[in-house]
Amino acid sequence: MKQDSSEKVNAPPRWGIIPKMLSLEKFLYKDTIHWRNKFMKDKKYRVKAYVDGSNLYFGMIDAGFRNCKWLNVDKLIRSFLRSNQELVEIKYFTSRITHNPPKQKRQTTYLEALESTGVNLIYGSYQAKFTDCRKCGNSWIIPNEKMTDVNLATHLLMDAFQDQYDIAIVVSGDSDFVPCIQSVNEHFLDKSVIVFFPPLRRNESVVAVARAFQMIGRKKLVENQFPLHVRKEDGFVLERPDEWS
């Protein structure tokens with residue numbers, strides 16, 4: 001019996017067409033992968049560093065690295081970066097020392113050296129706490145740093161909301177930062193918070209929420225010191241305090 005022309009039109013396609021269709025899909029898939037890999041390879045990840053100045057400082061002191069106080073934080077952070085990572089800002093959180101003029105002078109010199117490299121200084125405050133000795137009757141001042149932790153946590157979260165980084169580096173071993181680190185890593189899937197631990201400041205609760213972590217060893221600290229003299233933009237020359245040599 002002769003087949004009607006309408007049956008030919010409505011007949012299902014021959015299987016021979018399918019391999020061609022699959023080949024086209026395979027081609028498109030490979031092409032998509034190629035461009036995605038090229039994009040990821042060429043992409044520069046924006047990196048911001050958030051440095052807990054007190055935690056870093058006392059970590060070095062407790063580890064016996066007193067000769068590393070003249071630390072170039074900008075150079076240190078850059079020494080860890082990969083070729084596809086770009087440092088956009090370092091925020092250094094600290095408080096101004098009070099009631100001790102010699103220490104105040106050394107701190108001011110150091111903070112000005114950090115500023116000369118473009119580090120953004122963000123201040124909390126010291127509150128003087130007077131302590132009396134019941135036996136001898138003498139009294140002394142114990143400085144108590146305030147707002148530094150809150151400032152760092154706030155900046156880390158707000159910068160994530162404003163899409164100012166792809167990777168955040170937190171330099172601290174303070175467990176107070178666990179909630180904000182966890183929040184960023186859980187709610188911003190396109191961002192990562194990693195932690196650089198100062199000497200003797202590794203904290204397992206921080207390790208548990210960080211995307212990754214890195215210990216800052218003595219070798220890195222020694223290699224990334226400021227030169228003896230640091231020239232500011234206005235021409236003023238800062239000199240490393242003698243006590244830090």
# chains A, B, ... in the order shown; residues from 1 in each chain; ligands from 1
$ select_by_dssp --residues "stretch 52-245 of chain A" --states "alpha helix (DSSP H)" --output "PyMOL selection string"
chain A and resi 53-62+73-80+101-116+148-161+178-187+204-209+218-223
$ residues_around --residues "A:Gln182" --least-positions-apart "5" --cutoff "12 Å" --atoms "only C-alpha atoms" --output "PDB file with C-alpha atoms, in the first residue's frame"
ATOM      1  CA  ALA A 153      33.460  42.190  62.935  1.00  0.00           C
ATOM      2  CA  LEU A 156      33.947  42.315  57.793  1.00  0.00           C
ATOM      3  CA  LEU A 157      30.170  41.950  57.551  1.00  0.00           C
ATOM      4  CA  SER A 175      37.200  33.303  69.080  1.00  0.00           C
ATOM      5  CA  ASP A 176      35.014  36.421  69.324  1.00  0.00           C
ATOM      6  CA  PHE A 177      35.143  36.525  65.513  1.00  0.00           C
ATOM      7  CA  HIS A 187      25.356  33.527  53.643  1.00  0.00           C
ATOM      8  CA  PHE A 188      27.737  34.721  50.905  1.00  0.00           C
ATOM      9  CA  LEU A 189      28.513  31.618  48.891  1.00  0.00           C
ATOM     10  CA  LYS A 191      32.926  34.816  49.189  1.00  0.00           C
ATOM     11  CA  SER A 192      35.439  33.155  51.485  1.00  0.00           C
ATOM     12  CA  VAL A 193      36.799  34.193  54.863  1.00  0.00           C
ATOM     13  CA  ILE A 194      40.152  32.658  55.671  1.00  0.00           C
ATOM     14  CA  VAL A 195      42.213  33.158  58.814  1.00  0.00           C
ATOM     15  CA  SER A 205      36.754  27.183  67.125  1.00  0.00           C
ATOM     16  CA  VAL A 206      38.022  29.626  64.495  1.00  0.00           C
ATOM     17  CA  VAL A 207      39.474  26.799  62.396  1.00  0.00           C
ATOM     18  CA  ALA A 208      36.039  25.143  62.385  1.00  0.00           C
ATOM     19  CA  VAL A 209      34.298  28.080  60.667  1.00  0.00           C
ATOM     20  CA  ALA A 210      37.077  29.419  58.411  1.00  0.00           C
ATOM     21  CA  ARG A 211      37.243  28.355  54.752  1.00  0.00           C
TER      22      ARG A 211
END
$ residues_around --residues "A:Lys220" --least-positions-apart "3" --cutoff "9 Å" --atoms "only C-alpha atoms" --output "PyMOL selection string"
chain A and resi 76+79+216-217+223-224
$ write_last_selection --atoms "N, CA and C atoms" --output "CSV table (one decimal), in the first residue's frame"
chain,number,residue,atom,x,y,z
A,76,LEU,N,53.7,41.8,54.4
A,76,LEU,CA,53.4,40.4,54.9
A,76,LEU,C,52.2,39.8,54.2
A,79,SER,N,52.8,38.8,50.6
A,79,SER,CA,53.7,37.6,50.5
A,79,SER,C,52.9,36.3,50.4
A,216,ILE,N,51.1,32.2,60.7
A,216,ILE,CA,52.1,33.1,60.4
A,216,ILE,C,53.4,32.8,61.3
A,217,GLY,N,54.4,32.3,60.6
A,217,GLY,CA,55.6,31.8,61.3
A,217,GLY,C,56.7,32.9,61.4
A,223,GLU,N,61.1,38.1,57.4
A,223,GLU,CA,61.3,38.5,56.0
A,223,GLU,C,60.5,39.8,55.6
A,224,ASN,N,59.5,40.2,56.4
A,224,ASN,CA,58.6,41.3,56.0
A,224,ASN,C,58.7,42.4,57.0
$ residues_around --residues "stretch 49-51 of chain A" --least-positions-apart "2" --cutoff "12 Å" --atoms "only C-alpha atoms" --output "ChimeraX atom specification"
/A:46-47,53-57,73-78,80-81,86-94,114,119-123,148-149,151-157,159,164-174,177,181,192-198
$ write_last_selection --atoms "C-alpha atoms" --output "PDB file, in the first residue's frame"
ATOM      1  CA  ARG A  46      39.603  40.871  45.312  1.00  0.00           C
ATOM      2  CA  VAL A  47      41.264  40.389  48.690  1.00  0.00           C
ATOM      3  CA  GLY A  53      46.545  44.572  65.793  1.00  0.00           C
ATOM      4  CA  SER A  54      46.557  43.624  69.455  1.00  0.00           C
ATOM      5  CA  ASN A  55      46.220  39.886  68.787  1.00  0.00           C
ATOM      6  CA  LEU A  56      49.051  40.007  66.264  1.00  0.00           C
ATOM      7  CA  TYR A  57      51.293  42.091  68.523  1.00  0.00           C
ATOM      8  CA  VAL A  73      51.847  44.322  57.411  1.00  0.00           C
ATOM      9  CA  ASP A  74      51.214  45.266  53.776  1.00  0.00           C
ATOM     10  CA  LYS A  75      54.291  43.356  52.639  1.00  0.00           C
ATOM     11  CA  LEU A  76      53.387  40.413  54.882  1.00  0.00           C
ATOM     12  CA  ILE A  77      49.882  40.030  53.457  1.00  0.00           C
ATOM     13  CA  ARG A  78      51.109  40.369  49.876  1.00  0.00           C
ATOM     14  CA  PHE A  80      50.794  35.124  50.868  1.00  0.00           C
ATOM     15  CA  LEU A  81      48.810  36.117  47.775  1.00  0.00           C
ATOM     16  CA  GLU A  86      44.610  41.267  44.104  1.00  0.00           C
ATOM     17  CA  LEU A  87      44.935  43.088  47.435  1.00  0.00           C
ATOM     18  CA  VAL A  88      42.433  45.947  47.501  1.00  0.00           C
ATOM     19  CA  GLU A  89      42.744  47.061  51.131  1.00  0.00           C
ATOM     20  CA  ILE A  90      44.174  46.295  54.556  1.00  0.00           C
ATOM     21  CA  LYS A  91      42.229  47.415  57.603  1.00  0.00           C
ATOM     22  CA  TYR A  92      44.270  47.471  60.801  1.00  0.00           C
ATOM     23  CA  PHE A  93      42.239  47.581  64.011  1.00  0.00           C
ATOM     24  CA  THR A  94      43.903  48.960  67.113  1.00  0.00           C
ATOM     25  CA  LEU A 114      51.805  51.416  58.436  1.00  0.00           C
ATOM     26  CA  VAL A 119      47.058  50.576  55.481  1.00  0.00           C
ATOM     27  CA  ASN A 120      43.714  51.885  56.741  1.00  0.00           C
ATOM     28  CA  LEU A 121      43.862  52.407  60.534  1.00  0.00           C
ATOM     29  CA  ILE A 122      40.617  51.963  62.452  1.00  0.00           C
ATOM     30  CA  TYR A 123      40.660  52.857  66.128  1.00  0.00           C
ATOM     31  CA  THR A 148      38.441  46.760  68.436  1.00  0.00           C
ATOM     32  CA  ASP A 149      36.725  43.372  68.076  1.00  0.00           C
ATOM     33  CA  ASN A 151      34.885  47.245  64.751  1.00  0.00           C
ATOM     34  CA  LEU A 152      36.581  44.377  62.917  1.00  0.00           C
ATOM     35  CA  ALA A 153      33.460  42.190  62.935  1.00  0.00           C
ATOM     36  CA  THR A 154      31.293  45.078  61.718  1.00  0.00           C
ATOM     37  CA  HIS A 155      33.637  45.960  58.852  1.00  0.00           C
ATOM     38  CA  LEU A 156      33.947  42.315  57.793  1.00  0.00           C
ATOM     39  CA  LEU A 157      30.170  41.950  57.551  1.00  0.00           C
ATOM     40  CA  ASP A 159      32.090  44.956  53.351  1.00  0.00           C
ATOM     41  CA  GLN A 164      33.863  44.840  48.417  1.00  0.00           C
ATOM     42  CA  TYR A 165      35.814  41.579  48.401  1.00  0.00           C
ATOM     43  CA  ASP A 166      35.856  38.013  47.140  1.00  0.00           C
ATOM     44  CA  ILE A 167      38.280  36.778  49.796  1.00  0.00           C
ATOM     45  CA  ALA A 168      38.620  38.191  53.298  1.00  0.00           C
ATOM     46  CA  ILE A 169      41.725  37.491  55.377  1.00  0.00           C
ATOM     47  CA  VAL A 170      41.247  37.830  59.129  1.00  0.00           C
ATOM     48  CA  VAL A 171      44.540  38.081  61.027  1.00  0.00           C
ATOM     49  CA  SER A 172      43.599  36.972  64.522  1.00  0.00           C
ATOM     50  CA  GLY A 173      43.047  33.941  66.691  1.00  0.00           C
ATOM     51  CA  ASP A 174      40.281  35.520  68.746  1.00  0.00           C
ATOM     52  CA  PHE A 177      35.143  36.525  65.513  1.00  0.00           C
ATOM     53  CA  ILE A 181      33.230  34.597  60.027  1.00  0.00           C
ATOM     54  CA  SER A 192      35.439  33.155  51.485  1.00  0.00           C
ATOM     55  CA  VAL A 193      36.799  34.193  54.863  1.00  0.00           C
ATOM     56  CA  ILE A 194      40.152  32.658  55.671  1.00  0.00           C
ATOM     57  CA  VAL A 195      42.213  33.158  58.814  1.00  0.00           C
ATOM     58  CA  PHE A 196      45.890  33.877  59.347  1.00  0.00           C
ATOM     59  CA  PHE A 197      46.812  32.966  62.917  1.00  0.00           C
ATOM     60  CA  PRO A 198      49.497  35.044  64.667  1.00  0.00           C
TER      61      PRO A 198
END
$ residues_around --residues "A:Lys232" --least-positions-apart "2" --cutoff "12 Å" --atoms "only C-alpha atoms" --output "ChimeraX atom specification"
/A:109-118,229-230,234-239
$ closest_residue --among "A:Ala212, A:Val184, A:Leu221, A:Met147" --to "A:Gly59" --atoms "only C-alpha atoms"
A:Leu221
$ atom_distance --atom1 "atom CA of A:Arg240" --atom2 "atom CA of A:Pro227"
8.1 Å
$ atom_distance --atom1 "atom CA of A:Cys180" --atom2 "atom CA of A:Arg201"
18.3 Å
$ select_by_dssp --residues "stretch 87-127 of chain A" --states "strand (DSSP E or B)" --output "list in words"
Leu87, Val88, Glu89, Ile90, Lys91, Tyr92, Phe93, Thr94, Asn120, Leu121, Ile122, Tyr123, Ser125, Tyr126 and Gln127 of chain A
$ closest_residue --among "A:Gln214, A:Thr108, A:Asn185, A:Gln225" --to "A:Arg96" --atoms "only C-alpha atoms"
A:Thr108
$ closest_residue --among "A:Arg218, A:Arg231, A:Arg66, A:His99" --to "A:Glu243" --atoms "only C-alpha atoms"
A:Arg66
